[in-house]
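Asker: Below you'll find protein33.cif; it's mmCIF, C-alpha atoms and all ligand atoms.
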data_target
#
loop_
_atom_site.label_atom_id
_atom_site.label_comp_id
_atom_site.auth_asym_id
_atom_site.auth_seq_id
_atom_site.Cartn_x
_atom_site.Cartn_y
_atom_site.Cartn_z
CA MET A 1 5.33 -42.99 -29.59
CA SER A 2 4.94 -45.50 -26.75
CA VAL A 3 1.96 -45.42 -24.35
CA ALA A 4 4.36 -44.32 -21.58
CA SER A 5 5.60 -41.38 -23.69
CA VAL A 6 2.04 -40.35 -24.56
CA ARG A 7 1.11 -40.44 -20.87
CA LYS A 8 4.15 -38.34 -20.01
CA LEU A 9 3.23 -35.87 -22.74
CA ILE A 10 -0.39 -35.56 -21.54
CA GLU A 11 0.76 -35.08 -17.94
CA SER A 12 3.20 -32.37 -18.99
CA VAL A 13 0.57 -30.58 -21.08
CA ALA A 14 -1.89 -30.74 -18.18
CA GLU A 15 0.84 -29.15 -16.02
CA VAL A 16 1.36 -26.34 -18.55
CA SER A 17 -2.36 -25.65 -18.89
CA GLY A 18 -2.72 -25.28 -15.11
CA GLU A 19 -0.40 -22.26 -14.94
CA ARG A 20 -1.89 -18.85 -14.16
CA ASP A 21 1.26 -16.79 -14.40
CA LEU A 22 3.27 -16.10 -17.58
CA GLU A 23 6.63 -16.68 -15.92
CA HIS A 24 5.47 -20.03 -14.53
CA LEU A 25 3.91 -20.94 -17.86
CA ARG A 26 7.26 -20.39 -19.60
CA ARG A 27 9.11 -22.45 -17.01
CA SER A 28 6.54 -25.23 -17.19
CA LEU A 29 6.78 -25.33 -20.98
CA LEU A 30 10.58 -25.63 -20.86
CA LEU A 31 10.28 -28.49 -18.34
CA THR A 32 7.81 -30.22 -20.66
CA LEU A 33 10.21 -29.88 -23.58
CA ASN A 34 12.97 -31.37 -21.42
CA GLU A 35 10.71 -34.30 -20.59
CA ILE A 36 9.84 -35.22 -24.14
CA LEU A 37 12.86 -34.20 -26.23
CA PRO A 38 16.61 -34.72 -25.75
CA VAL A 39 17.10 -31.05 -24.92
CA GLY A 40 20.62 -29.69 -24.45
CA ALA A 41 19.41 -26.12 -23.86
CA ALA A 42 16.08 -24.39 -24.35
CA GLY A 43 14.83 -20.91 -23.67
CA PHE A 44 12.87 -17.91 -24.80
CA VAL A 45 14.68 -15.39 -26.96
CA ALA A 46 13.39 -11.90 -27.58
CA LEU A 47 12.71 -11.26 -31.26
CA LYS A 48 13.33 -7.55 -31.07
CA PRO A 49 17.03 -6.69 -30.69
CA GLN A 50 16.32 -4.10 -27.95
CA PHE A 51 14.91 -6.85 -25.75
CA THR A 52 17.78 -9.30 -26.14
CA GLU A 53 18.89 -8.87 -22.53
CA HIS A 54 15.76 -10.80 -21.46
CA ALA A 55 16.12 -14.14 -19.68
CA GLY A 56 16.94 -16.90 -22.10
CA ALA A 57 18.87 -14.85 -24.64
CA GLU A 58 22.24 -15.66 -23.12
CA THR A 59 21.52 -19.38 -23.22
CA PHE A 60 21.52 -19.21 -26.98
CA ALA A 61 24.34 -16.80 -27.53
CA TRP A 62 26.75 -19.48 -28.62
CA PRO A 63 24.67 -21.64 -30.97
CA LEU A 64 23.18 -18.65 -32.69
CA ARG A 65 26.57 -17.01 -33.03
CA VAL A 66 27.89 -20.23 -34.54
CA GLN A 67 25.13 -19.83 -37.06
CA GLY A 68 26.36 -16.29 -37.68
CA GLN A 69 22.78 -15.10 -38.04
CA ARG A 70 21.67 -14.38 -34.51
CA ASP A 71 19.49 -11.37 -35.22
CA GLY A 72 19.23 -12.04 -38.95
CA ILE A 73 16.98 -15.06 -38.76
CA LEU A 74 15.22 -14.48 -35.47
CA THR A 75 14.16 -10.92 -36.08
CA ARG A 76 12.62 -11.92 -39.41
CA LEU A 77 10.39 -14.51 -37.74
CA SER A 78 6.85 -13.40 -37.09
CA ALA A 79 4.39 -14.96 -34.64
CA GLY A 80 3.54 -18.55 -35.56
CA GLU A 81 6.55 -19.08 -37.84
CA SER A 82 9.35 -21.51 -37.09
CA VAL A 83 12.78 -22.17 -38.50
CA VAL A 84 15.35 -24.96 -38.30
CA LEU A 85 18.68 -23.26 -37.61
CA ASP A 86 20.81 -26.38 -37.68
CA SER A 87 20.19 -29.98 -38.73
CA GLU A 88 21.99 -33.30 -38.85
CA GLU A 89 21.32 -35.84 -41.58
CA GLY A 90 18.10 -34.05 -42.46
CA MET A 91 16.83 -33.98 -38.85
CA PRO A 92 16.59 -30.76 -36.83
CA ARG A 93 19.00 -30.03 -33.94
CA LEU A 94 18.53 -26.30 -33.39
CA LEU A 95 15.04 -24.90 -33.88
CA ALA A 96 13.26 -21.63 -33.21
CA ARG A 97 9.58 -20.88 -33.17
CA ALA A 98 8.13 -17.41 -32.76
CA VAL A 99 5.48 -18.06 -30.12
CA THR A 100 4.32 -14.44 -29.91
CA GLU A 101 5.18 -11.21 -31.75
CA GLU A 102 8.00 -10.61 -29.26
CA GLN A 103 9.33 -13.98 -28.27
CA ALA A 104 10.76 -17.07 -29.90
CA LEU A 105 11.19 -20.40 -28.24
CA VAL A 106 14.59 -21.82 -29.20
CA VAL A 107 15.56 -25.43 -28.58
CA HIS A 108 19.00 -26.94 -28.98
CA LEU A 109 18.91 -30.75 -29.00
CA CYS A 110 21.69 -33.06 -27.79
CA ARG A 111 20.99 -35.23 -30.80
CA ALA A 112 18.89 -34.80 -33.91
CA GLU A 113 15.26 -35.82 -33.50
CA PRO A 114 12.77 -36.37 -36.37
CA ASP A 115 9.66 -35.32 -34.37
CA ALA A 116 11.26 -32.25 -32.83
CA GLU A 117 9.75 -29.74 -35.27
CA SER A 118 6.17 -30.95 -34.91
CA ILE A 119 6.48 -31.14 -31.10
CA LEU A 120 7.88 -27.61 -30.92
CA LEU A 121 5.09 -26.45 -33.23
CA ALA A 122 2.34 -27.98 -31.05
CA LEU A 123 3.80 -26.76 -27.75
CA GLY A 124 4.44 -23.33 -29.26
CA ARG A 125 0.76 -23.06 -30.21
CA LEU A 126 -0.27 -24.19 -26.75
CA TYR A 127 1.95 -21.53 -25.21
CA ALA A 128 0.65 -18.82 -27.58
CA ASN A 129 -2.98 -19.63 -26.73
CA PHE A 130 -2.43 -19.72 -22.99
CA SER A 131 -0.24 -16.64 -22.89
CA ARG A 132 -2.93 -14.73 -24.88
CA LEU A 133 -5.58 -15.82 -22.35
CA LEU A 134 -3.36 -14.88 -19.42
CA THR A 135 -2.42 -11.53 -20.94
CA GLU A 136 -6.06 -10.69 -21.67
CA SER A 137 -7.07 -11.60 -18.13
CA GLU A 138 -4.43 -9.19 -16.80
CA ARG A 139 -5.40 -6.23 -18.96
CA ASP A 140 -8.09 -3.61 -18.62
CA ARG A 141 -10.30 -3.67 -21.69
CA LEU A 142 -10.79 0.08 -22.12
CA THR A 143 -7.25 1.35 -21.59
CA GLY A 144 -5.13 -1.73 -22.29
CA LEU A 145 -3.25 -1.09 -19.03
CA ARG A 146 -2.72 -3.91 -16.57
CA ASN A 147 -5.79 -4.37 -14.39
CA ARG A 148 -6.44 -4.56 -10.65
CA ARG A 149 -5.91 -8.31 -10.58
CA SER A 150 -2.44 -7.88 -12.03
CA PHE A 151 -1.76 -5.00 -9.62
CA ASP A 152 -2.70 -7.11 -6.58
CA HIS A 153 -0.41 -9.88 -7.78
CA GLN A 154 2.56 -7.58 -8.40
CA LEU A 155 2.15 -5.65 -5.14
CA GLY A 156 1.92 -8.95 -3.25
CA GLN A 157 5.18 -10.08 -4.84
CA LEU A 158 6.90 -6.78 -4.11
CA THR A 159 5.87 -6.69 -0.45
CA THR A 160 7.17 -10.25 -0.07
CA ARG A 161 10.44 -9.30 -1.77
CA MET A 162 10.79 -6.38 0.66
CA LEU A 163 11.09 -8.92 3.50
CA ASP A 164 14.42 -10.06 2.08
CA PRO A 165 17.16 -8.14 3.95
CA ALA A 166 19.16 -8.02 0.70
CA ALA A 167 16.39 -6.09 -1.07
CA ASP A 168 17.64 -2.53 -1.13
CA GLU A 169 15.80 -0.95 -4.05
CA PRO A 170 13.11 1.43 -2.94
CA TRP A 171 9.72 0.77 -4.51
CA HIS A 172 6.86 3.24 -4.37
CA LEU A 173 3.14 3.12 -4.99
CA ALA A 174 1.43 6.12 -6.56
CA LEU A 175 -2.35 6.24 -6.80
CA PHE A 176 -3.89 8.97 -8.91
CA ASP A 177 -7.42 9.94 -9.58
CA VAL A 178 -9.03 12.26 -12.14
CA ASP A 179 -10.36 15.38 -10.47
CA HIS A 180 -14.11 15.98 -10.76
CA PHE A 181 -14.46 13.20 -13.26
CA LYS A 182 -18.19 13.01 -12.62
CA ARG A 183 -18.50 16.53 -14.07
CA ILE A 184 -16.78 15.35 -17.26
CA ASN A 185 -19.22 12.48 -17.61
CA ASP A 186 -22.20 14.68 -16.78
CA GLY A 187 -21.09 17.54 -19.02
CA PHE A 188 -19.84 15.68 -22.09
CA GLY A 189 -21.20 12.16 -21.79
CA HIS A 190 -19.76 8.81 -20.80
CA LEU A 191 -18.03 8.26 -24.16
CA TYR A 192 -15.93 11.40 -23.77
CA GLY A 193 -15.24 10.31 -20.19
CA ASP A 194 -13.97 7.01 -21.55
CA GLU A 195 -11.78 8.81 -24.05
CA VAL A 196 -10.21 10.86 -21.26
CA LEU A 197 -9.35 7.62 -19.44
CA LEU A 198 -7.87 6.17 -22.60
CA LEU A 199 -5.73 9.23 -23.35
CA LEU A 200 -4.63 9.41 -19.73
CA SER A 201 -3.47 5.83 -19.89
CA ARG A 202 -1.32 6.72 -22.92
CA ILE A 203 0.28 9.64 -21.09
CA VAL A 204 1.07 7.39 -18.14
CA SER A 205 2.41 4.54 -20.28
CA GLU A 206 4.74 6.89 -22.13
CA LEU A 207 6.06 8.39 -18.92
CA PHE A 208 6.57 5.15 -17.00
CA GLN A 209 8.49 2.49 -18.82
CA GLY A 210 11.11 -0.14 -18.03
CA GLU A 211 10.58 -1.59 -14.59
CA ASP A 212 7.79 0.82 -13.65
CA ARG A 213 4.31 -0.63 -14.01
CA CYS A 214 1.06 1.24 -14.69
CA TYR A 215 -2.37 -0.10 -13.83
CA ARG A 216 -5.97 0.90 -14.07
CA TYR A 217 -6.82 0.55 -10.41
CA GLY A 218 -10.54 0.94 -10.95
CA GLY A 219 -12.99 3.52 -12.35
CA GLU A 220 -11.13 6.79 -12.82
CA GLU A 221 -8.28 5.76 -10.55
CA PHE A 222 -4.84 4.58 -11.71
CA ALA A 223 -1.85 3.07 -9.93
CA VAL A 224 1.85 3.12 -10.72
CA LEU A 225 4.49 0.98 -9.07
CA LEU A 226 7.80 2.80 -9.39
CA SER A 227 11.26 1.47 -8.72
CA ARG A 228 14.80 2.72 -8.13
CA ARG A 229 14.11 6.33 -7.20
CA ASP A 230 14.95 8.38 -4.18
CA ALA A 231 12.36 10.80 -2.75
CA ALA A 232 13.51 13.72 -4.94
CA GLU A 233 13.44 11.71 -8.16
CA LEU A 234 10.06 10.29 -7.20
CA GLU A 235 8.57 13.72 -6.65
CA GLN A 236 10.08 14.93 -9.90
CA VAL A 237 8.61 12.16 -12.06
CA LEU A 238 5.19 12.31 -10.41
CA GLU A 239 5.16 16.10 -10.76
CA SER A 240 5.86 15.68 -14.46
CA LEU A 241 2.88 13.32 -14.65
CA ARG A 242 0.67 15.89 -12.94
CA ARG A 243 1.91 18.70 -15.21
CA GLY A 244 1.72 16.50 -18.31
CA VAL A 245 -1.97 15.87 -17.68
CA GLU A 246 -2.67 19.48 -16.74
CA CYS A 247 -1.14 20.74 -20.00
CA TYR A 248 -2.80 18.18 -22.27
CA GLU A 249 -5.69 19.38 -24.41
CA PHE A 250 -8.31 16.62 -24.25
CA PRO A 251 -10.56 16.63 -27.34
CA GLN A 252 -13.83 18.44 -26.60
CA VAL A 253 -13.32 18.18 -22.84
CA GLY A 254 -10.30 20.52 -22.71
CA ARG A 255 -8.23 20.61 -19.53
CA VAL A 256 -8.27 17.80 -16.97
CA THR A 257 -6.30 17.49 -13.74
CA VAL A 258 -5.30 14.62 -11.49
CA SER A 259 -4.54 14.30 -7.78
CA ILE A 260 -1.72 11.97 -6.80
CA GLY A 261 -1.01 10.18 -3.52
CA CYS A 262 2.20 8.27 -3.06
CA ALA A 263 3.82 6.03 -0.43
CA THR A 264 7.06 4.06 -0.21
CA LEU A 265 7.14 0.32 0.45
CA GLU A 266 8.72 -0.77 3.72
CA PRO A 267 9.67 -4.25 4.92
CA ARG A 268 6.95 -4.67 7.54
CA LEU A 269 4.12 -3.35 5.38
CA GLY A 270 1.65 -5.68 3.67
CA PRO A 271 -0.23 -4.77 0.46
CA ALA A 272 -3.23 -3.40 2.39
CA ASP A 273 -0.96 -1.14 4.49
CA ILE A 274 0.81 0.36 1.51
CA ILE A 275 -2.47 0.92 -0.38
CA ASP A 276 -3.90 2.57 2.73
CA ARG A 277 -0.90 4.94 2.95
CA ALA A 278 -1.07 5.93 -0.72
CA ASP A 279 -4.83 6.34 -0.40
CA ARG A 280 -4.48 8.63 2.63
CA ALA A 281 -2.00 10.73 0.70
CA LEU A 282 -4.40 10.89 -2.26
CA TYR A 283 -7.23 11.90 0.06
CA ALA A 284 -5.01 14.66 1.45
CA ALA A 285 -4.24 15.84 -2.10
CA LYS A 286 -7.97 16.05 -2.87
CA ASN A 287 -8.68 17.86 0.39
CA ALA A 288 -5.90 20.36 -0.20
CA GLY A 289 -7.58 21.50 -3.43
CA ARG A 290 -6.78 18.73 -6.01
CA ASN A 291 -4.33 18.89 -8.94
CA ARG A 292 -1.38 18.14 -6.66
CA LEU A 293 1.00 15.46 -5.46
CA VAL A 294 1.14 14.44 -1.80
CA ARG A 295 3.65 11.95 -0.39
CA TYR A 296 2.62 9.99 2.69
CA GLU A 297 6.10 10.26 4.18
CA ARG A 298 6.00 14.05 3.88
CA LEU A 299 2.58 14.16 5.61
CA LEU A 300 4.11 12.11 8.38
CA ALA A 301 7.25 14.24 8.69
CA GLU A 302 5.12 17.38 8.85
CA HIS A 303 2.87 15.78 11.53
CA ARG A 304 -0.17 16.22 9.32
CA ILE A 305 -1.15 12.59 9.76
CA VAL A 306 -1.13 10.00 12.55
CA PRO A 307 0.65 6.81 11.44
CA ALA A 308 -1.44 3.66 11.38
CA PRO A 309 0.35 0.52 12.68
CA PRO A 310 1.10 -2.09 10.02
CA SER A 311 -1.96 -4.39 9.88
CA GLY A 312 0.23 -7.50 10.31
CA SER A 313 1.57 -6.18 13.62
CA ILE A 314 -1.80 -5.81 15.33
CA GLU A 315 -2.05 -8.16 18.29
CA LEU A 316 -5.53 -8.86 19.57
CA PHE A 317 -4.54 -10.57 22.82
N1 LIG A 401 -16.81 7.38 -18.45
C1 LIG A 401 -16.52 6.59 -17.41
N2 LIG A 401 -16.81 6.99 -16.16
C2 LIG A 401 -16.47 6.21 -15.12
C3 LIG A 401 -15.85 4.97 -15.30
N3 LIG A 401 -15.62 4.43 -14.08
C4 LIG A 401 -16.10 5.29 -13.17
N4 LIG A 401 -16.62 6.39 -13.79
C5 LIG A 401 -17.26 7.57 -13.19
O1 LIG A 401 -16.32 8.27 -12.42
C6 LIG A 401 -17.04 9.16 -11.55
C7 LIG A 401 -16.34 9.25 -10.24
O2 LIG A 401 -16.97 10.24 -9.50
P1 LIG A 401 -16.62 10.59 -8.00
O3 LIG A 401 -16.14 9.36 -7.29
O4 LIG A 401 -17.78 11.33 -7.45
O5 LIG A 401 -15.36 11.48 -8.08
P2 LIG A 401 -15.04 12.77 -8.96
O6 LIG A 401 -16.23 13.36 -9.62
O7 LIG A 401 -13.92 12.39 -9.86
O8 LIG A 401 -14.54 13.78 -7.87
P3 LIG A 401 -13.18 13.79 -7.04
O9 LIG A 401 -12.55 12.44 -7.14
O10 LIG A 401 -13.60 14.11 -5.65
O11 LIG A 401 -12.33 14.86 -7.63
C8 LIG A 401 -18.46 8.57 -11.45
O12 LIG A 401 -19.34 9.45 -12.09
C9 LIG A 401 -18.38 7.26 -12.21
O13 LIG A 401 -19.57 6.97 -12.89
C10 LIG A 401 -15.56 4.55 -16.65
O14 LIG A 401 -15.01 3.48 -16.91
N5 LIG A 401 -15.91 5.39 -17.65
#
Would you mind giving the structure from this file in structure tokens?
Answerer:
Amino acid sequence: MSVASVRKLIESVAEVSGERDLEHLRRSLLLTLNEILPVGAAGFVALKPQFTEHAGAETFAWPLRVQGQRDGILTRLSAGESVVLDSEEGMPRLLARAVTEEQALVVHLCRAEPDAESILLALGRLYANFSRLLTESERDRLTGLRNRRSFDHQLGQLTTRMLDPAADEPWHLALFDVDHFKRINDGFGHLYGDEVLLLLSRIVSELFQGEDRCYRYGGEEFAVLLSRRDAAELEQVLESLRRGVECYEFPQVGRVTVSIGCATLEPRLGPADIIDRADRALYAAKNAGRNRLVRYERLLAEHRIVPAPPSGSIELF
């Protein structure tokens, strides 16, 4: 390798290691591969067949189909393993490396390259290490749900996306809080309190899948960002959360209830505005006796609340 190539490689790796977002990390890694290998196409392919619609899978539809073993080989790969799917005169042209349990990095070269396998191996390890660090920094340790940091990031992205006039999917924020959680801690001990939070997080994760995202918002409070639902569907799914918790028999502790406040994202609302709305609805649910769902928009329609102006629209002079 020439000094210029080594410098290019180090610069690219420095670029990759500076990423703080998984999506950017993936993009940065693909750019690096393009810089140092004669890449025809490269992308991430989901290892599990049910995830094959993910970005990147289509890119490799044709070469893998040519191989006639699209799912055969890739689904048998486990994290850290790699495979050469096609070679030319003993040198790899089409390679896959399982960078995590769920994803393989697949590279199709314009021409065969002797160092391709070792480069893919090294960059794959780099990606695996960084993605593990990023994933851990986005997760809550007790429940395994995404944490507040991740929530702030996602809500920020959603409120920005709402500014696009073409964005027509309604997104909603639900905040829910365990009722009288202090009593659970005081009566049964902190460990049982922790177990309640853990079991609650499982109930929520099972109920909200796909595009919906669940977060531990802090302490005994959780957040869910829900997409593609009208008001009736929203109430229905959040009611089933409330009932699901109410009916669950928590070991030792018995019955637990939650109060839920919910608000719908609107174009002029920033993250703080939407949190404030959901929080006011949650407060109203607590005040009305707990173990219930309150939607901000319903409070507004029934004149039970005075609307606050969006924070971004306040003019001081
Ligand atoms: N076990 C456990 N307790 C926590 C954790 N985080 C916060 N808490 C406890 O959660 C309790 C919250 O109490 P409060 O804010 O008074 O609310 P509450 O008792 O749930 O009452 P309402 O919200 O009004 O229904 C406090 O006792 C905190 O110590 C945690 O990670 N584990």
Asker: Rank nothing, just name the residue among A:Ala272, A:Val178, A:Leu293, A:Leu225 nearest to ligand LIG 401 (chain A), using only C-alpha atoms and all ligand atoms.
Answerer: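 Looking only at the distances to ligand LIG 401 (chain A), the closest residue turns out to be A:Val178.
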Asker: What is the atom CA of A:Leu142 to atom C1 of ligand LIG 401 (chain A) distance in Å?
Answerer: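 Answer for the atom CA of A:Leu142 to atom C1 of ligand LIG 401 (chain A) separation: 9.9 Å.
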Asker: From the set A:Glu101, A:Glu239, A:Asp168, A:Glu297, which residue has the shortest atom-to-atom contact distance to A:Ala263, counting all atoms listed in the file?
Answerer: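 Looking at the shortest contact to A:Ala263, the residue is A:Glu297.
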Asker: Quick one: of A:Val245, A:Leu299, A:Ala96, A:Leu191, who's nearest to ligand LIG 401 (chain A), counting all atoms listed in the file?
Answerer: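 When distances to ligand LIG 401 (chain A) are compared using all atoms listed in the file, the smallest one comes from A:Leu191.
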Asker: Within 7 Å of stretch 276-281 of chain A, counting all atoms listed in the file, which residues qualify if same-chain residues fewer than 3 places away don't, as a list in words?
Answerer: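 What passes the distance filter is Leu173, Ala174, Leu175, Gly261, Cys262, Ala263, Ala272, Asp273, Ala284, Ala285, Val294, Arg295 and Tyr296 of chain A.
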Asker: Go through A:Leu30, A:Leu133, A:Leu121, A:Leu269 one by one, measure the shortest atom-to-atom distance of each to A:Ala79 using all atoms listed in the file, and give the residue with the smallest value.
Answerer: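 Result for the nearest residue to A:Ala79: A:Leu121.
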Asker: If the limit is 8 Å from any atom of ligand LIG 401 (chain A), counting only C-alpha atoms and all ligand atoms, which residues qualify? Return them as number ranges by chain.
Answerer: A: 142, 177-186, 189-197, 218-220, 259, 286, 290
Asker: For A:Ala167, work out the shell of residues within 12 Å, counting only C-alpha atoms and skipping chain neighbours fewer than 2 positions away, then give it as a VMD selection string.
Answerer: chain A and resid 158 to 165 169 to 171 227 to 228 265 to 267
Asker: If you keep C-alpha atoms, can you produce a file of those selected residues as a tab-separated table (two decimals), keeping the file's coordinate frame?
Answerer:
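Result file follows (selection.tsv):
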chain	number	residue	atom	x	y	z
A	158	LEU	CA	6.90	-6.78	-4.11
A	159	THR	CA	5.87	-6.69	-0.45
A	160	THR	CA	7.17	-10.25	-0.07
A	161	ARG	CA	10.44	-9.30	-1.77
A	162	MET	CA	10.79	-6.38	0.66
A	163	LEU	CA	11.09	-8.92	3.50
A	164	ASP	CA	14.42	-10.06	2.08
A	165	PRO	CA	17.16	-8.14	3.95
A	169	GLU	CA	15.80	-0.95	-4.05
A	170	PRO	CA	13.11	1.43	-2.94
A	171	TRP	CA	9.72	0.77	-4.51
A	227	SER	CA	11.26	1.47	-8.72
A	228	ARG	CA	14.80	2.72	-8.13
A	265	LEU	CA	7.14	0.32	0.45
A	266	GLU	CA	8.72	-0.77	3.72
A	267	PRO	CA	9.67	-4.25	4.92
Asker: For a test of reading the model, state the distance in Å between atom CA of A:Asn291 and atom CA of A:Val204, rounded to one decimal.
Answerer: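 Computing the Euclidean distance for atom CA of A:Asn291 and atom CA of A:Val204 yields 15.7 Å.
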Asker: I'd like the interatomic distance between atom CA of A:Val107 and atom CA of A:Ser2, to a tenth of an Å.
Answerer: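 Distance reported for this atom pair: 22.8 Å.
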Asker: Given 8 Å on each side, where is the centre and what are the edge lengths in Å to one decimal of the axis-aligned box enclosing the listed atoms of stretch 126-138 of chain A, as AutoDock Vina command-line options?
Answerer:
--center_x -2.6 --center_y -16.7 --center_z -22.2 --size_x 25.0 --size_y 31.0 --size_z 26.8
Asker: Excluding A:Arg149 and its own-chain neighbours fewer than 4 positions away, which residues fall within 9 Å of it when counting all atoms listed in the file? Please give them as a list in words.
Answerer: Ser137, Glu138, Arg139, His153, Gln154 and Tyr217 of chain A
Asker: Smallest atom-to-atom distance to A:Lys8: which of A:Ala116, A:Ala128, A:Ile36, A:Leu145, using all atoms listed in the file?
Answerer: A:Ile36
Asker: Which residues, protein or nucleic acid, reach to within 12 Å of (8.3, 2.9, -16.4) in the file's coordinates when using all atoms listed in the file, and can you give that as number ranges by chain?
Answerer: A: 203-215, 224-229, 234, 237-238, 241
Asker: Would you kindly return, as a PyMOL selection string, each protein, DNA or RNA residue with an atom no farther than 6 Å from any atom of stretch 40-44 of chain A, considering all atoms listed in the file and excluding same-chain residues fewer than 5 positions away?
Answerer: chain A and resi 56+104-110
Asker: Calculated over all atoms listed in the file, which of the candidates A:Ala231, A:Ile10, A:Ala112, A:Leu200 has the smallest distance to A:Glu246?
Answerer: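 Using all atoms listed in the file, the shortest distance to A:Glu246 belongs to A:Leu200.
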Asker: Add whatever atoms are absent from stretch 285-300 of chain A to reach N, CA, C and O atoms, and provide the output as a CSV table (one decimal), in the frame of the given file.
Answerer:
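In the end it all went to part-v6.csv:
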chain,number,residue,atom,x,y,z
A,285,ALA,N,-4.4,15.0,-0.9
A,285,ALA,CA,-4.2,15.8,-2.1
A,285,ALA,C,-5.6,16.4,-2.6
A,285,ALA,O,-5.7,17.6,-3.0
A,286,LYS,N,-6.6,15.6,-2.5
A,286,LYS,CA,-8.0,16.0,-2.9
A,286,LYS,C,-8.4,17.2,-1.9
A,286,LYS,O,-8.9,18.2,-2.3
A,287,ASN,N,-8.2,16.9,-0.6
A,287,ASN,CA,-8.7,17.9,0.4
A,287,ASN,C,-8.0,19.2,0.3
A,287,ASN,O,-8.5,20.2,0.7
A,288,ALA,N,-6.7,19.1,-0.1
A,288,ALA,CA,-5.9,20.4,-0.2
A,288,ALA,C,-6.2,21.2,-1.5
A,288,ALA,O,-5.6,22.2,-1.7
A,289,GLY,N,-7.2,20.7,-2.3
A,289,GLY,CA,-7.6,21.5,-3.4
A,289,GLY,C,-7.4,20.8,-4.8
A,289,GLY,O,-7.7,21.4,-5.8
A,290,ARG,N,-7.0,19.5,-4.8
A,290,ARG,CA,-6.8,18.7,-6.0
A,290,ARG,C,-5.6,19.2,-6.9
A,290,ARG,O,-5.0,20.2,-6.5
A,291,ASN,N,-5.4,18.6,-8.0
A,291,ASN,CA,-4.3,18.9,-8.9
A,291,ASN,C,-3.0,19.0,-8.2
A,291,ASN,O,-2.3,20.0,-8.4
A,292,ARG,N,-2.7,18.1,-7.4
A,292,ARG,CA,-1.4,18.1,-6.7
A,292,ARG,C,-0.9,16.7,-6.3
A,292,ARG,O,-1.7,15.8,-6.3
A,293,LEU,N,0.4,16.7,-5.9
A,293,LEU,CA,1.0,15.5,-5.5
A,293,LEU,C,1.2,15.5,-4.0
A,293,LEU,O,1.7,16.5,-3.5
A,294,VAL,N,0.8,14.5,-3.2
A,294,VAL,CA,1.1,14.4,-1.8
A,294,VAL,C,1.8,13.1,-1.5
A,294,VAL,O,1.3,12.0,-1.9
A,295,ARG,N,3.0,13.2,-0.8
A,295,ARG,CA,3.6,12.0,-0.4
A,295,ARG,C,3.3,11.6,1.1
A,295,ARG,O,3.4,12.5,1.9
A,296,TYR,N,3.0,10.4,1.3
A,296,TYR,CA,2.6,10.0,2.7
A,296,TYR,C,3.7,10.3,3.7
A,296,TYR,O,3.5,10.9,4.8
A,297,GLU,N,5.0,10.1,3.3
A,297,GLU,CA,6.1,10.3,4.2
A,297,GLU,C,6.3,11.7,4.5
A,297,GLU,O,6.7,12.1,5.6
A,298,ARG,N,5.9,12.6,3.6
A,298,ARG,CA,6.0,14.0,3.9
A,298,ARG,C,4.9,14.5,4.9
A,298,ARG,O,5.1,15.2,5.8
A,299,LEU,N,3.7,13.9,4.7
A,299,LEU,CA,2.6,14.2,5.6
A,299,LEU,C,3.0,13.8,7.0
A,299,LEU,O,2.7,14.5,8.0
A,300,LEU,N,3.7,12.6,7.1
A,300,LEU,CA,4.1,12.1,8.4
A,300,LEU,C,5.2,13.0,9.0
A,300,LEU,O,5.1,13.4,10.2
